[in-house]
4 protein chains.
Amino acid sequence: MSEEPVMDVAHLGHLELLTAKPEESLRFFVDVMGMTKSGQSGDSVYLRAFDDYERYSLQLTASRTSGLGHAAFRARSPQALRRRVQAIETSGAGIGWQDNEFGHGPAYRFHDPDGHVVELYYETQWYEAPPPLRPALKNQAQRFPARGVNVRRLDHFNCLAVDVRANREFFETYLGFRLTEQIVLDSGEEAGMWLTATNKSYDFAYTKEAHGVKGRFHHITYALDSREDVLRAADIFLEAGVPIETGPHKHAVQQTFFLYVFEPGGHRVEVANAGARLVLAPDWKPIRWSETERKKGQAWGLKTIESFHTHGTPPLPDQLEDGEDDVTKQIAS
Amino acid sequence: MSEEPVMDVAHLGHLELLTAKPEESLRFFVDVMGMTKSGQSGDSVYLRAFDDYERYSLQLTASRTSGLGHAAFRARSPQALRRRVQAIETSGAGIGWQDNEFGHGPAYRFHDPDGHVVELYYETQWYEAPPPLRPALKNQAQRFPARGVNVRRLDHFNCLAVDVRANREFFETYLGFRLTEQIVLDSGEEAGMWLTATNKSYDFAYTKEAHGVKGRFHHITYALDSREDVLRAADIFLEAGVPIETGPHKHAVQQTFFLYVFEPGGHRVEVANAGARLVLAPDWKPIRWSETERKKGQAWGLKTIESFHTHGTPPLPDQLEDGEDDVTKQIAS
Amino acid sequence: MSEEPVMDVAHLGHLELLTAKPEESLRFFVDVMGMTKSGQSGDSVYLRAFDDYERYSLQLTASRTSGLGHAAFRARSPQALRRRVQAIETSGAGIGWQDNEFGHGPAYRFHDPDGHVVELYYETQWYEAPPPLRPALKNQAQRFPARGVNVRRLDHFNCLAVDVRANREFFETYLGFRLTEQIVLDSGEEAGMWLTATNKSYDFAYTKEAHGVKGRFHHITYALDSREDVLRAADIFLEAGVPIETGPHKHAVQQTFFLYVFEPGGHRVEVANAGARLVLAPDWKPIRWSETERKKGQAWGLKTIESFHTHGTPPLPDQLEDGEDDVTKQIAS
Amino acid sequence: MSEEPVMDVAHLGHLELLTAKPEESLRFFVDVMGMTKSGQSGDSVYLRAFDDYERYSLQLTASRTSGLGHAAFRARSPQALRRRVQAIETSGAGIGWQDNEFGHGPAYRFHDPDGHVVELYYETQWYEAPPPLRPALKNQAQRFPARGVNVRRLDHFNCLAVDVRANREFFETYLGFRLTEQIVLDSGEEAGMWLTATNKSYDFAYTKEAHGVKGRFHHITYALDSREDVLRAADIFLEAGVPIETGPHKHAVQQTFFLYVFEPGGHRVEVANAGARLVLAPDWKPIRWSETERKKGQAWGLKTIESFHTHGTPPLPDQLEDGEDDVTKQIAS
């Protein structure tokens, strides 16, 4: 009889993104994405989608450059948090406890094998909408904003990693995430992995970093209620002058209906819809995509855009600038 | 420190519905709902939605009358199954093991306090699509049928219960289900409860039986990918002469976008979409709806139709026939 | 060989609605409907949907009570305008020329047989969006607002009439409108008629006034791009505290997907979508709905709500107040 | 005072497409597009979308190669037909009357300047659905098929032309079509034109033929009710193994939401949705797109795929085969 699945991580909680253009980034997330500012502290502002149940899902921190500050997952219980911390400590990847973070209780931080900072916490502040933002239906966290793209909730994120396999094994072994889909090159090298702790088919993904630079970030994704909402988002991004990278279209991997844009700080931001697709099987058999299959492009034939393989945040260091993508140059100008 | 949540039930697996019109019921589910027949055995045929990963999600059994044969949940692991069986055995509600069911391994059956038969199993047969039904994308269980309503997957079911509270406590205590929403009358009596074992906001619901008759069934629900799909389903049901009970509209409770129809055997069948709404919080605070709130009707003001409170399957016994709803009479005629 | 169709009316141009709550009505149309104020003059403000090509489609005039100020159609050419004016003059219904209206050239006004004021004009002011409202695509009149319901364009209106048949014949005979659908009671009395001058299946409708009071108004309708947009509008109206009368649902007549709400001034306002349905046949055979057919309710079975037959603007005179609908009382309170 | 618009053409009626794979083409249109075969005569089968009011909108004729047999417009009245025939006769482009065509009365045929055969007719056969295909709502031509892509009605077609300007002037001058949008190169040469006789923003388009070969066809388009329907169509084409050329995406020109595939006979087939966009202005000011603007790609940034500029039907003659696109080779293989 095989081991039981570890159910200790409940869900993705929030991301901290760094931005050298804090005002412009804030306006993008509030005015265009339709998010709500729900806090401010030091160099950070805190933002939420209308149906995030916690106080925030995005911490935007003024910084010299762009990139992921940290990613945070909520544990299922205090006991589950304690178990995962013990496991991570045995891995040698632990950083230690953060006690004074905004909006949630003590968080244990660690590095993934690629050097991204990740944290795990349990205690959290539930969002209490002020009267003008109270929803008509009390099973919703906040009033539907009816402004811009109206994102519903944080969905997932995607990091770049030099060694995808090492990161997959780390999150499987120490955190209990389950692999649902992956890309394996002809050489046997893993080029992408999609992991979940929930019934969503993925809570985050790691894809191959092309330049050998560690710690980079690929994109953050908010969920919309329908594919039509994603199409309407494209109209709205176009009108707002937001650079659209690619989409709307349907990924072959995970079948997500996607649209990628760039926020003023340089991060790729996705709005997406999964339809009614969920991974309910507790023993889901991971889908493996080959190099040949990936070359077919997306579900309906769209070729994957070059910048999707090259652009990440922060930008590449100077000595690699010849490898830099046009997107970074365009946004930087 | 409070007890940890029990994560032993993975998801709703299938329902067995009895029908006195097996041929008409089968045609409804295949031709109108767009489901696929994936097996036959004895008096039963087995049916699946295109993205159910198991062999089937609906067992349709020829019978003298209508009603729920049994409901089946899949356990998360062999160990989880064993634990739940032990717990149920202490409750005195156990029936025993069923070893030869179609498409899955040994199942432990029990009665809920209202007398419905429920079972729990772990081993299962994954659906293998024959060549003409193989999907273009290998992360999908079966080719999109492009026929009728095209339901994606089994979503939930709703039973009637004379004592809603007793049933809620039973499923919470012995199975580990979590309450997400409920209706509590001014008298303190519970009139409805929505329970989940997943990130869906409910996997089943029990609502008050108005005539004091135990073991009755309210509806089965299949998920569609969008609200637009539900609207299109209404067009298709209309064209197919399927009686529409109510909808499409949005429930206040759970915010499900719903449409209810009656299949030829008399069961209420729902097609629904939840948008991107999920319950991710491991410590979700149940939403309690009062009698007054429920009288407001559905989310956008539609009054709840009378038959929704009265019609169930099987029909009421003779001595209660005056209480019988018009729907049953209409379908029977 | 039968007579050729008269093609002299190009389309519905705008409506003037009277409101005793001008500030609240303005806020409703701007903040909730997502319209833009494009002018002001005297007691009137002028409003437009984002893809109306003329300067405005709604004139909102502060007044003692509610109701239709006037309805305006644009002629196809100066010659067409002249021909229609000559025809109307022979009918004895003419009022005369209005030379100084906001946003368009000389308009010829007349009374329909029920006493509503209608006008016909040709010269008009095309909307020129100021820089912040310029669209990204130059084949669109104005930037998509991404605010509230985001109505695209004026679609149609509905008046009440004591004698529907007399009004139908008037608009057919003197203006060249074509009948596409109608309701004829068992008595032979006409209870509703839908007329068009375009490829839309109707540009306006007249339905039976139940109290014998002339000149009343039933609703104004703005078009949305999809049924999903109408559903989203319902969410937004709910959040904004706008009273929803009925819908979203699909009319059997014309198959319009509809949602009716009340604006603060008391008028019924509809947002609607027709899908890709158009009436292209130049010799369309009018669809006649009988009393029995209408009693079936709307397309998917929704019963027509009582207020839909009784509520109009302005409210009924005092001596008829017993016949008044709850809606008027509710809005007035 | 300028001349009045000519309103003599009512709408696009049908297209005749030639196919060297008549059985496969028929199966594509019936099984995948969801159309209905409504007639057969000689080498032709006749097909209809579910809400086409005439007997058919597509004549599929077995032939040695692919291409446009003819395009047919319905006149607004017998008088209008006579007037247009007189006008065309003065142009010297007339071919003459066809008296025995399937499903409609006498048609006058002529060549456009590029050599395509076009006809104009008035008398027509309205579709009478046989009992199993009768719709639930009598204002719809036929039951919604609930099979495949479920196209609603013929929308438009696109021909290639060596001299776009000459063709535009011909259709404007002799038929009364109105230009709504066009592409004009920096050289002053016209590279594309969109003409309408209705409130649809175009009934057909002609775009520049790149190889100097006359009489070629670009695509036929059927309308779907929503953008979501177009997305679903992409899923269905993928499952059916139908080659997808490009889309779904939104054109900058006309803002049509499009999806292009190839039917077995080699023709490009589009399914599209226009939202609620209509051209209502009788004096619409044509939108002119420059070479620079077109290089930006489609509305949301998708680059126009190369084959869109090169593939047409019939295939290029042998001596030009080096200029042939991969699509033709792929379909031919």
# chains A, B, ... in the order shown; residues from 1 in each chain; ligands from 1
$ interface_residues --of "chain D" --to "chain C" --cutoff "7 Å" --atoms "only C-alpha atoms" --output "ChimeraX atom specification"
/D:4,10-11,76-77,137,139,198-199,223-226,252,254,275-276,280,282,287
$ residues_around --residues "Pro314 of chain A" --least-positions-apart "4" --cutoff "12 Å" --atoms "only C-alpha atoms" --output "list of chain:residue names"
A:Leu17, A:Leu18, A:Thr19, A:Ala20, A:Ser63, A:Arg64, A:Thr65, A:Ser66, A:Gly67, A:Leu68, A:Gly69, A:Cys159, A:Leu160, A:Val213, A:Lys214, A:Gly215, A:Arg216, A:Phe217, A:His218, A:His219, A:Gly265, A:Gly266, A:His267, A:Arg268, A:Thr310, A:Asp318, A:Glu324, A:Thr328, A:Ala332
$ write_last_selection --atoms "N, CA, C and O atoms" --output "mmCIF file, in the first residue's frame"
data_model
loop_
_atom_site.group_PDB
_atom_site.id
_atom_site.type_symbol
_atom_site.label_atom_id
_atom_site.label_comp_id
_atom_site.auth_asym_id
_atom_site.auth_seq_id
_atom_site.Cartn_x
_atom_site.Cartn_y
_atom_site.Cartn_z
ATOM 1 N N LEU A 17 5.469 41.136 -5.286
ATOM 2 C CA LEU A 17 6.200 41.519 -6.491
ATOM 3 C C LEU A 17 6.908 42.843 -6.250
ATOM 4 O O LEU A 17 6.344 43.763 -5.655
ATOM 5 N N LEU A 18 8.131 42.921 -6.722
ATOM 6 C CA LEU A 18 8.922 44.147 -6.608
ATOM 7 C C LEU A 18 8.697 45.002 -7.848
ATOM 8 O O LEU A 18 8.561 44.464 -8.948
ATOM 9 N N THR A 19 8.655 46.301 -7.674
ATOM 10 C CA THR A 19 8.489 47.150 -8.843
ATOM 11 C C THR A 19 9.245 48.459 -8.683
ATOM 12 O O THR A 19 9.202 49.082 -7.619
ATOM 13 N N ALA A 20 9.914 48.821 -9.756
ATOM 14 C CA ALA A 20 10.634 50.096 -9.770
ATOM 15 C C ALA A 20 9.700 51.239 -10.166
ATOM 16 O O ALA A 20 10.102 52.397 -10.189
ATOM 17 N N SER A 63 10.907 49.009 -5.283
ATOM 18 C CA SER A 63 12.237 48.400 -5.280
ATOM 19 C C SER A 63 13.060 48.973 -6.425
ATOM 20 O O SER A 63 12.564 49.740 -7.252
ATOM 21 N N ARG A 64 14.320 48.602 -6.443
ATOM 22 C CA ARG A 64 15.222 49.077 -7.488
ATOM 23 C C ARG A 64 14.903 48.380 -8.818
ATOM 24 O O ARG A 64 15.122 48.925 -9.885
ATOM 25 N N THR A 65 14.402 47.163 -8.715
ATOM 26 C CA THR A 65 14.136 46.415 -9.940
ATOM 27 C C THR A 65 12.878 45.566 -9.752
ATOM 28 O O THR A 65 12.180 45.695 -8.736
ATOM 29 N N SER A 66 12.599 44.733 -10.728
ATOM 30 C CA SER A 66 11.403 43.891 -10.657
ATOM 31 C C SER A 66 11.760 42.499 -10.153
ATOM 32 O O SER A 66 12.927 42.187 -9.926
ATOM 33 N N GLY A 67 10.760 41.669 -10.004
ATOM 34 C CA GLY A 67 10.998 40.275 -9.598
ATOM 35 C C GLY A 67 10.071 39.849 -8.481
ATOM 36 O O GLY A 67 9.265 40.648 -7.973
ATOM 37 N N LEU A 68 10.220 38.587 -8.128
ATOM 38 C CA LEU A 68 9.407 38.031 -7.052
ATOM 39 C C LEU A 68 10.044 38.331 -5.704
ATOM 40 O O LEU A 68 11.200 37.953 -5.470
ATOM 41 N N GLY A 69 9.299 39.013 -4.818
ATOM 42 C CA GLY A 69 9.767 39.162 -3.439
ATOM 43 C C GLY A 69 9.664 37.821 -2.734
ATOM 44 O O GLY A 69 10.652 37.231 -2.314
ATOM 45 N N CYS A 159 7.244 30.455 -11.938
ATOM 46 C CA CYS A 159 8.635 30.880 -11.816
ATOM 47 C C CYS A 159 9.457 30.236 -12.914
ATOM 48 O O CYS A 159 9.105 29.186 -13.460
ATOM 49 N N LEU A 160 10.583 30.846 -13.230
ATOM 50 C CA LEU A 160 11.592 30.211 -14.062
ATOM 51 C C LEU A 160 12.543 29.468 -13.132
ATOM 52 O O LEU A 160 12.747 29.876 -11.983
ATOM 53 N N VAL A 213 20.145 31.813 -15.261
ATOM 54 C CA VAL A 213 20.109 32.766 -14.146
ATOM 55 C C VAL A 213 19.025 32.323 -13.154
ATOM 56 O O VAL A 213 17.877 32.111 -13.540
ATOM 57 N N LYS A 214 19.400 32.240 -11.902
ATOM 58 C CA LYS A 214 18.463 31.728 -10.905
ATOM 59 C C LYS A 214 17.525 32.804 -10.340
ATOM 60 O O LYS A 214 17.826 33.996 -10.411
ATOM 61 N N GLY A 215 16.423 32.346 -9.779
ATOM 62 C CA GLY A 215 15.549 33.216 -8.995
ATOM 63 C C GLY A 215 14.600 34.092 -9.786
ATOM 64 O O GLY A 215 13.986 34.992 -9.223
ATOM 65 N N ARG A 216 14.449 33.815 -11.058
ATOM 66 C CA ARG A 216 13.607 34.709 -11.868
ATOM 67 C C ARG A 216 12.137 34.266 -11.849
ATOM 68 O O ARG A 216 11.785 33.129 -11.565
ATOM 69 N N PHE A 217 11.301 35.216 -12.238
ATOM 70 C CA PHE A 217 9.848 35.061 -12.158
ATOM 71 C C PHE A 217 9.262 35.138 -13.560
ATOM 72 O O PHE A 217 9.722 35.943 -14.382
ATOM 73 N N HIS A 218 8.251 34.328 -13.817
ATOM 74 C CA HIS A 218 7.645 34.330 -15.155
ATOM 75 C C HIS A 218 6.308 35.077 -15.207
ATOM 76 O O HIS A 218 6.146 35.994 -15.991
ATOM 77 N N HIS A 219 5.329 34.698 -14.379
ATOM 78 C CA HIS A 219 4.083 35.465 -14.378
ATOM 79 C C HIS A 219 3.210 35.170 -13.167
ATOM 80 O O HIS A 219 3.370 34.154 -12.499
ATOM 81 N N GLY A 265 5.668 47.649 -14.163
ATOM 82 C CA GLY A 265 6.920 47.261 -13.517
ATOM 83 C C GLY A 265 7.673 46.180 -14.277
ATOM 84 O O GLY A 265 8.780 45.815 -13.888
ATOM 85 N N GLY A 266 7.088 45.661 -15.334
ATOM 86 C CA GLY A 266 7.782 44.686 -16.164
ATOM 87 C C GLY A 266 7.331 43.251 -15.992
ATOM 88 O O GLY A 266 7.715 42.380 -16.781
ATOM 89 N N HIS A 267 6.505 42.975 -15.004
ATOM 90 C CA HIS A 267 6.059 41.599 -14.814
ATOM 91 C C HIS A 267 5.004 41.219 -15.837
ATOM 92 O O HIS A 267 4.122 42.010 -16.161
ATOM 93 N N ARG A 268 5.085 39.972 -16.231
ATOM 94 C CA ARG A 268 4.030 39.395 -17.065
ATOM 95 C C ARG A 268 2.852 39.071 -16.150
ATOM 96 O O ARG A 268 3.012 38.464 -15.085
ATOM 97 N N THR A 310 11.732 33.791 -23.155
ATOM 98 C CA THR A 310 12.918 34.560 -22.771
ATOM 99 C C THR A 310 12.653 35.611 -21.700
ATOM 100 O O THR A 310 13.517 35.870 -20.867
ATOM 101 N N ASP A 318 23.693 42.496 -16.917
ATOM 102 C CA ASP A 318 24.269 43.180 -18.070
ATOM 103 C C ASP A 318 25.005 42.256 -19.032
ATOM 104 O O ASP A 318 24.832 42.344 -20.242
ATOM 105 N N GLU A 324 18.695 39.413 -24.083
ATOM 106 C CA GLU A 324 17.460 40.014 -23.572
ATOM 107 C C GLU A 324 16.400 40.104 -24.656
ATOM 108 O O GLU A 324 16.691 40.271 -25.833
ATOM 109 N N THR A 328 11.383 43.415 -22.683
ATOM 110 C CA THR A 328 11.998 44.157 -21.593
ATOM 111 C C THR A 328 12.485 45.514 -22.089
ATOM 112 O O THR A 328 12.277 46.545 -21.448
ATOM 113 N N ALA A 332 11.021 48.991 -20.834
ATOM 114 C CA ALA A 332 11.998 49.857 -20.176
ATOM 115 C C ALA A 332 12.063 51.232 -20.844
ATOM 116 O O ALA A 332 12.370 52.229 -20.203
#
$ atom_distance --atom1 "atom CA of Phe110 of chain D" --atom2 "atom CA of Leu47 of chain D"
23.6 Å
$ select_by_dssp --residues "segment 116-247 of chain C" --states "alpha helix (DSSP H)" --output "list of chain:residue names"
C:Val164, C:Arg165, C:Ala166, C:Asn167, C:Arg168, C:Glu169, C:Phe170, C:Arg227, C:Glu228, C:Asp229, C:Val230, C:Leu231, C:Arg232, C:Ala233, C:Ala234, C:Asp235, C:Ile236, C:Phe237, C:Leu238, C:Glu239, C:Ala240
$ write_last_selection --atoms "C-alpha atoms" --output "short mmCIF file (atom, residue, chain, number, x, y, z; two decimals), in the first residue's frame"
data_model
loop_
_atom_site.label_atom_id
_atom_site.label_comp_id
_atom_site.auth_asym_id
_atom_site.auth_seq_id
_atom_site.Cartn_x
_atom_site.Cartn_y
_atom_site.Cartn_z
CA VAL C 164 -52.08 49.11 -30.77
CA ARG C 165 -53.49 48.48 -34.21
CA ALA C 166 -54.04 52.16 -34.97
CA ASN C 167 -50.45 52.89 -34.05
CA ARG C 168 -49.10 50.02 -36.13
CA GLU C 169 -51.00 51.18 -39.17
CA PHE C 170 -49.84 54.75 -38.66
CA ARG C 227 -25.83 37.12 -23.22
CA GLU C 228 -22.93 36.79 -20.78
CA ASP C 229 -22.78 40.61 -20.69
CA VAL C 230 -26.45 40.65 -19.70
CA LEU C 231 -25.79 38.17 -16.89
CA ARG C 232 -22.88 40.26 -15.69
CA ALA C 233 -25.14 43.31 -15.81
CA ALA C 234 -27.50 41.51 -13.43
CA ASP C 235 -24.61 41.04 -10.99
CA ILE C 236 -23.77 44.72 -11.28
CA PHE C 237 -27.36 45.94 -10.85
CA LEU C 238 -27.66 43.73 -7.77
CA GLU C 239 -24.50 45.17 -6.26
CA ALA C 240 -25.58 48.71 -7.06
#
$ atom_distance --atom1 "atom CA of Glu190 of chain A" --atom2 "atom CA of Ala205 of chain A"
12.2 Å
$ atom_distance --atom1 "atom CA of Val149 of chain A" --atom2 "atom CA of His14 of chain A"
19.3 Å
$ residues_around --residues "Met33 of chain C" --least-positions-apart "2" --cutoff "8 Å" --atoms "only C-alpha atoms" --output "list of chain:residue names"
C:Phe28, C:Phe29, C:Val30, C:Asp31, C:Met35, C:Arg147, C:Gly148, C:Val149, C:Asn150, C:Val151
$ write_last_selection --atoms "all heavy atoms" --output "PDB file, in the first residue's frame"
ATOM      1  N   PHE C  28     -27.269  56.993 -12.335  1.00  0.00           N
ATOM      2  CA  PHE C  28     -27.578  55.630 -12.791  1.00  0.00           C
ATOM      3  C   PHE C  28     -27.032  55.382 -14.193  1.00  0.00           C
ATOM      4  O   PHE C  28     -26.365  54.379 -14.453  1.00  0.00           O
ATOM      5  CB  PHE C  28     -29.093  55.397 -12.772  1.00  0.00           C
ATOM      6  CG  PHE C  28     -29.522  54.158 -13.498  1.00  0.00           C
ATOM      7  CD1 PHE C  28     -29.465  52.910 -12.874  1.00  0.00           C
ATOM      8  CD2 PHE C  28     -29.953  54.210 -14.820  1.00  0.00           C
ATOM      9  CE1 PHE C  28     -29.832  51.753 -13.542  1.00  0.00           C
ATOM     10  CE2 PHE C  28     -30.325  53.054 -15.498  1.00  0.00           C
ATOM     11  CZ  PHE C  28     -30.269  51.831 -14.857  1.00  0.00           C
ATOM     12  N   PHE C  29     -27.327  56.302 -15.106  1.00  0.00           N
ATOM     13  CA  PHE C  29     -26.919  56.051 -16.494  1.00  0.00           C
ATOM     14  C   PHE C  29     -25.393  56.128 -16.671  1.00  0.00           C
ATOM     15  O   PHE C  29     -24.816  55.395 -17.469  1.00  0.00           O
ATOM     16  CB  PHE C  29     -27.643  57.003 -17.454  1.00  0.00           C
ATOM     17  CG  PHE C  29     -29.083  56.620 -17.681  1.00  0.00           C
ATOM     18  CD1 PHE C  29     -30.131  57.343 -17.102  1.00  0.00           C
ATOM     19  CD2 PHE C  29     -29.401  55.515 -18.460  1.00  0.00           C
ATOM     20  CE1 PHE C  29     -31.466  56.971 -17.305  1.00  0.00           C
ATOM     21  CE2 PHE C  29     -30.726  55.142 -18.668  1.00  0.00           C
ATOM     22  CZ  PHE C  29     -31.761  55.867 -18.084  1.00  0.00           C
ATOM     23  N   VAL C  30     -24.738  56.988 -15.906  1.00  0.00           N
ATOM     24  CA  VAL C  30     -23.282  57.128 -16.041  1.00  0.00           C
ATOM     25  C   VAL C  30     -22.542  56.049 -15.259  1.00  0.00           C
ATOM     26  O   VAL C  30     -21.690  55.346 -15.793  1.00  0.00           O
ATOM     27  CB  VAL C  30     -22.819  58.536 -15.601  1.00  0.00           C
ATOM     28  CG1 VAL C  30     -21.290  58.608 -15.550  1.00  0.00           C
ATOM     29  CG2 VAL C  30     -23.374  59.583 -16.555  1.00  0.00           C
ATOM     30  N   ASP C  31     -22.881  55.917 -13.963  1.00  0.00           N
ATOM     31  CA  ASP C  31     -22.087  55.022 -13.114  1.00  0.00           C
ATOM     32  C   ASP C  31     -22.463  53.549 -13.291  1.00  0.00           C
ATOM     33  O   ASP C  31     -21.590  52.680 -13.258  1.00  0.00           O
ATOM     34  CB  ASP C  31     -22.266  55.390 -11.625  1.00  0.00           C
ATOM     35  CG  ASP C  31     -21.715  56.769 -11.324  1.00  0.00           C
ATOM     36  OD1 ASP C  31     -20.989  57.332 -12.170  1.00  0.00           O
ATOM     37  OD2 ASP C  31     -22.025  57.302 -10.239  1.00  0.00           O
ATOM     38  N   MET C  35     -22.604  54.795 -19.259  1.00  0.00           N
ATOM     39  CA  MET C  35     -22.749  55.755 -20.353  1.00  0.00           C
ATOM     40  C   MET C  35     -21.915  57.018 -20.092  1.00  0.00           C
ATOM     41  O   MET C  35     -21.350  57.199 -19.014  1.00  0.00           O
ATOM     42  CB  MET C  35     -24.234  56.088 -20.544  1.00  0.00           C
ATOM     43  CG  MET C  35     -25.030  54.868 -21.014  1.00  0.00           C
ATOM     44  SD  MET C  35     -26.827  55.126 -21.142  1.00  0.00           S
ATOM     45  CE  MET C  35     -26.902  56.222 -22.554  1.00  0.00           C
ATOM     46  N   ARG C 147     -16.639  50.350 -17.179  1.00  0.00           N
ATOM     47  CA  ARG C 147     -17.284  50.887 -15.960  1.00  0.00           C
ATOM     48  C   ARG C 147     -18.746  50.451 -15.964  1.00  0.00           C
ATOM     49  O   ARG C 147     -19.480  50.732 -16.922  1.00  0.00           O
ATOM     50  CB  ARG C 147     -17.208  52.422 -15.986  1.00  0.00           C
ATOM     51  CG  ARG C 147     -17.850  53.113 -14.793  1.00  0.00           C
ATOM     52  CD  ARG C 147     -17.819  54.641 -14.955  1.00  0.00           C
ATOM     53  NE  ARG C 147     -18.703  55.103 -16.010  1.00  0.00           N
ATOM     54  CZ  ARG C 147     -18.318  55.713 -17.129  1.00  0.00           C
ATOM     55  NH1 ARG C 147     -17.060  55.973 -17.359  1.00  0.00           N
ATOM     56  NH2 ARG C 147     -19.210  56.073 -18.036  1.00  0.00           N
ATOM     57  N   GLY C 148     -19.155  49.771 -14.925  1.00  0.00           N
ATOM     58  CA  GLY C 148     -20.554  49.358 -14.842  1.00  0.00           C
ATOM     59  C   GLY C 148     -20.912  48.387 -15.940  1.00  0.00           C
ATOM     60  O   GLY C 148     -20.141  47.481 -16.266  1.00  0.00           O
ATOM     61  N   VAL C 149     -22.080  48.603 -16.513  1.00  0.00           N
ATOM     62  CA  VAL C 149     -22.675  47.641 -17.441  1.00  0.00           C
ATOM     63  C   VAL C 149     -22.140  47.776 -18.866  1.00  0.00           C
ATOM     64  O   VAL C 149     -22.251  46.881 -19.673  1.00  0.00           O
ATOM     65  CB  VAL C 149     -24.215  47.792 -17.384  1.00  0.00           C
ATOM     66  CG1 VAL C 149     -24.912  47.077 -18.517  1.00  0.00           C
ATOM     67  CG2 VAL C 149     -24.738  47.286 -16.025  1.00  0.00           C
ATOM     68  N   ASN C 150     -21.537  48.922 -19.184  1.00  0.00           N
ATOM     69  CA  ASN C 150     -20.881  49.114 -20.488  1.00  0.00           C
ATOM     70  C   ASN C 150     -21.801  48.896 -21.684  1.00  0.00           C
ATOM     71  O   ASN C 150     -21.461  48.138 -22.608  1.00  0.00           O
ATOM     72  CB  ASN C 150     -19.680  48.163 -20.612  1.00  0.00           C
ATOM     73  CG  ASN C 150     -18.588  48.450 -19.630  1.00  0.00           C
ATOM     74  OD1 ASN C 150     -18.110  49.581 -19.550  1.00  0.00           O
ATOM     75  ND2 ASN C 150     -18.197  47.461 -18.850  1.00  0.00           N
ATOM     76  N   VAL C 151     -22.929  49.573 -21.705  1.00  0.00           N
ATOM     77  CA  VAL C 151     -23.845  49.387 -22.840  1.00  0.00           C
ATOM     78  C   VAL C 151     -23.200  49.875 -24.139  1.00  0.00           C
ATOM     79  O   VAL C 151     -22.475  50.858 -24.155  1.00  0.00           O
ATOM     80  CB  VAL C 151     -25.199  50.080 -22.597  1.00  0.00           C
ATOM     81  CG1 VAL C 151     -25.952  49.370 -21.472  1.00  0.00           C
ATOM     82  CG2 VAL C 151     -25.045  51.563 -22.289  1.00  0.00           C
TER      83      VAL C 151
END
$ residues_around --residues "Glu89 of chain C" --least-positions-apart "6" --cutoff "12 Å" --atoms "only C-alpha atoms" --output "NGL selection string"
:C and (82-83 or 95-97 or 108-111 or 174-175)
